[in-house]
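Report on the following structure.
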Amino acid sequence: MHIDAENLTAESAYKLLIGSVIPRPIAWVSTLSTNGVGNLAPISFFTVVGRKPPMVSLSIQPRSDGVTLKDSFVNMRDTGEFVTHLATLPQALPLHLSANEFEPDEDEFDMVGLEKLPSAAVKPPRIAGAPIAFECVVEMIVPAADGLNHLVVGKVVQFYIRDDLYLPGGRIDTGAIAPVGRLAAEYTVVDNAFVPPLDSETLERFKGRRMERLDKRPDDYSMIETSEWSPSGSIMRTEDNAG
């Protein structure tokens with residue numbers, strides 16, 4: 001099937017992008033408002049963009065109403081600082097809950113039950129329990145033509161690596177992390193590794209096989225088809241996910 005992108009709505013294009021670019025790493029971002037209110041946001045339009053200096057990029061949409069800038073972006077813009085954390089399986093629930101659209105005066109650390117730890121070089125706090133964090137200052141902000149979508153490039157000024165993960169030679173023990181990535185509107189845990197080539201028996205074992213659902217939902221379940229999902233990347237607050 002060929003689909004002309006020119007004729008797609010933003011929501012339709014978003015569904016195709018998030019279902020095709022998988023798995024996506026999640027930047028679990030902490031910021032502070034100018035009034036000192038803590039904010040959390042899981043952002044899966046995220047990657048590294050430089051080594052010297054080390055830099056990362058975040059693409060941020062507006063809130064679900066389509067016109068209001070997200071608090072995380074406003075905080076980055078107004079304070080020039082943020083912290084990205086590696087999302088891991090032990091904190092998957094608060095990670096998911098932090099995608100709720102809380103009010104600007106609600107401290108999201110408190111709302112999802114997370115402890116703050118002081119950062120070493122920036123004001124936004126780190127998330128207690130997160131094994132890896134990048135303390136960042138805003139290098140540049142590139143707005144889209146609509147003025148509502150923004151690309152934020154941040155320079156990493158301080159790395160936090162949990163002691164047991166930092167190996168001789170400066171290598172990270174990736175096999176000990178259980179990182180969580182994004183699949184469309186759902187999540188996946190990275191629990192295997194390989195270097196090609198793989199033997200034919202292994203390839204045959206994966207041929208035509210569907211992913212295992214760890215949450216025991218039906219194979220054809222999609223959060224996109226629920227009222228909890230929105231094309232803003234946020235989750236809509238319901239009785240089940242109110243925290």
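Every chain in the structure tokens has a letter given in the order shown (A, B, ...), and although residue numbers restart at 1 in each chain, ligands are simply numbered from 1 in the order shown.
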Non-local contacts of A:Glu81 (10 Å; only C-alpha atoms; under 3 positions in same chain excluded) as a count of residues only: 18
Near stretch 148-153 of chain A, within 8 Å and counting only C-alpha atoms, which residues show up once chain neighbours fewer than 4 positions away are dropped, as a list of chain:residue names?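 Surrounding residues, per the criterion: A:Met55, A:Val56, A:Ser57, A:Leu58, A:Ser59, A:Ile60, A:Gln61, A:Pro62, A:Val67, A:Thr68, A:Leu69, A:Val138, A:Glu139, A:Met140, A:Ile141, A:Val142, A:Pro143, A:Ala144.
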Using C-alpha atoms, can you export the residues from the last selection as a short mmCIF file (atom, residue, chain, number, x, y, z; two decimals), in the first residue's frame?
data_model
loop_
_atom_site.label_atom_id
_atom_site.label_comp_id
_atom_site.auth_asym_id
_atom_site.auth_seq_id
_atom_site.Cartn_x
_atom_site.Cartn_y
_atom_site.Cartn_z
CA MET A 55 24.04 16.56 22.53
CA VAL A 56 20.53 15.13 22.40
CA SER A 57 17.35 16.17 20.61
CA LEU A 58 13.71 16.11 21.68
CA SER A 59 10.72 16.72 19.39
CA ILE A 60 7.77 18.03 21.39
CA GLN A 61 4.14 18.37 20.29
CA PRO A 62 1.43 20.57 21.84
CA VAL A 67 -2.96 24.58 20.65
CA THR A 68 -1.45 24.66 24.16
CA LEU A 69 2.30 24.17 24.55
CA VAL A 138 19.28 24.04 25.92
CA GLU A 139 21.54 24.57 22.93
CA MET A 140 18.84 25.59 20.44
CA ILE A 141 15.10 25.46 19.81
CA VAL A 142 13.78 25.01 16.28
CA PRO A 143 10.05 25.72 15.86
CA ALA A 144 7.95 24.12 13.15
#
Can you pull out every residue from stretch 26-90 of chain A that DSSP, working from the backbone, puts in alpha helix (DSSP H), and format the result as a list of chain:residue names?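 Filtering stretch 26-90 of chain A down to alpha helix (DSSP H) leaves A:Asp71, A:Ser72, A:Phe73, A:Val74, A:Asn75, A:Met76, A:Arg77, A:Asp78, A:Thr79.
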Write out, as a tab-separated table, each residue of stretch 66-176 of chain A that has an atom at most 10 Å from stretch 190-206 of chain A, together with the closest pair of atoms and their distance in Å to one decimal, counting only C-alpha atoms, rows going by chain and rising number.
residue	atom	partner	partner_atom	distance
A:Thr88	CA	A:Val190	CA	9.3
A:Leu89	CA	A:Val190	CA	9.2
A:Thr174	CA	A:Ala193	CA	9.5
A:Gly175	CA	A:Asp191	CA	7.8
A:Ala176	CA	A:Asp191	CA	9.4
Output file for the selection above: N, CA, C and O atoms, as a compact mmCIF listing (two decimals), in the first residue's frame:
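File produced: out_28.txt:
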# COMPACT_ATOMS: atom_id res chain seq x y z
N THR A 88 13.39 2.54 32.32
CA THR A 88 13.64 1.13 32.56
C THR A 88 12.40 0.45 33.14
O THR A 88 11.50 1.10 33.66
N LEU A 89 12.38 -0.87 33.05
CA LEU A 89 11.19 -1.64 33.40
C LEU A 89 10.71 -1.43 34.84
O LEU A 89 9.50 -1.32 35.06
N THR A 174 25.06 -2.59 29.20
CA THR A 174 23.68 -2.48 28.70
C THR A 174 22.85 -3.70 29.04
O THR A 174 21.63 -3.61 29.18
N GLY A 175 23.48 -4.86 29.20
CA GLY A 175 22.73 -6.07 29.49
C GLY A 175 22.11 -6.10 30.86
O GLY A 175 21.29 -6.97 31.16
N ALA A 176 22.49 -5.15 31.73
CA ALA A 176 21.99 -5.14 33.10
C ALA A 176 20.92 -4.07 33.34
O ALA A 176 20.54 -3.83 34.49
Identify which of the residues A:Glu186, A:Asp173, A:Asp219, A:Asp146 lies closest to A:His96, counting only C-alpha atoms when measuring atom-to-atom distances.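 Closest residue, counting only C-alpha atoms: A:Glu186.
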Counting only C-alpha atoms, figure out which residue out of A:Leu117, A:Ile127, A:Ala185, A:Leu167 gets nearest to A:Ile43. A:Ala185
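The environment of A:Ala184 within 7 Å, counting only C-alpha atoms and disregarding residues fewer than 2 places along the same chain, consists of A:Ile18, A:Gly19, A:Arg182, A:Glu186.
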Write a file of the selected residues as a PDB file, in the first residue's frame, keeping N, CA and C atoms.
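Ended up saving to out_15.pdb:
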ATOM      1  N   ILE A  18       4.499   6.476  14.407  1.00  0.00           N
ATOM      2  CA  ILE A  18       4.789   5.804  15.671  1.00  0.00           C
ATOM      3  C   ILE A  18       4.636   4.288  15.583  1.00  0.00           C
ATOM      4  N   GLY A  19       3.903   3.812  14.561  1.00  0.00           N
ATOM      5  CA  GLY A  19       3.779   2.377  14.358  1.00  0.00           C
ATOM      6  C   GLY A  19       4.873   1.804  13.488  1.00  0.00           C
ATOM      7  N   ARG A 182       9.423   2.439  23.047  1.00  0.00           N
ATOM      8  CA  ARG A 182       8.054   2.725  22.644  1.00  0.00           C
ATOM      9  C   ARG A 182       7.719   1.975  21.361  1.00  0.00           C
ATOM     10  N   GLU A 186       2.320   1.816  22.808  1.00  0.00           N
ATOM     11  CA  GLU A 186       2.617   0.864  23.875  1.00  0.00           C
ATOM     12  C   GLU A 186       4.117   0.790  24.101  1.00  0.00           C
TER      13      GLU A 186
END
Could you check the closest approach to A:Asn100 for each of A:Val49, A:Ala130, A:Leu40, A:Ile3 and tell me which residue wins, using only C-alpha atoms?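 Ranking A:Val49, A:Ala130, A:Leu40, A:Ile3 by distance to A:Asn100, first place goes to A:Leu40.
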Please identify the strand (DSSP E or B) residues within stretch 108-220 of chain A (assignment by DSSP from backbone atoms) and present them as a count of residues only. 41
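Distance annotation: of A:Ser98, A:Lys52, A:Thr84, A:Val112, the residue with the minimal separation from A:Tyr160 is A:Thr84; atom set is only C-alpha atoms.
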Between A:Gly80, A:Pro90, A:Pro23, A:Gly66, which residue has the minimum interatomic distance to A:Phe45, considering only C-alpha atoms? A:Pro23
9 Å contact set for A:Phe159, only C-alpha atoms, chain neighbours under 6 positions out, as a PyMOL selection string: chain A and resi 132-135
Using only C-alpha atoms, which of the listed residues (A:Gly36, A:Trp28, A:Gly169, A:Val74) sits closest to A:Leu95?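 Going through A:Gly36, A:Trp28, A:Gly169, A:Val74 one by one, the smallest distance to A:Leu95 is for A:Trp28.
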Work out how far atom CA of A:Arg63 is from atom CA of A:Ser232, in Å to one decimal.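 Atom CA of A:Arg63 lies at a distance of 5.7 Å from atom CA of A:Ser232.
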A:His2 surroundings by only C-alpha atoms, 12 Å radius, close-in-sequence under 3 positions cut, as a PyMOL selection string: chain A and resi 5+7+16
For the atom pair atom CA of A:Gly181 and atom CA of A:Arg217, what is the interatomic distance in Å to one decimal place?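 Between atom CA of A:Gly181 and atom CA of A:Arg217 the gap works out to 18.3 Å.
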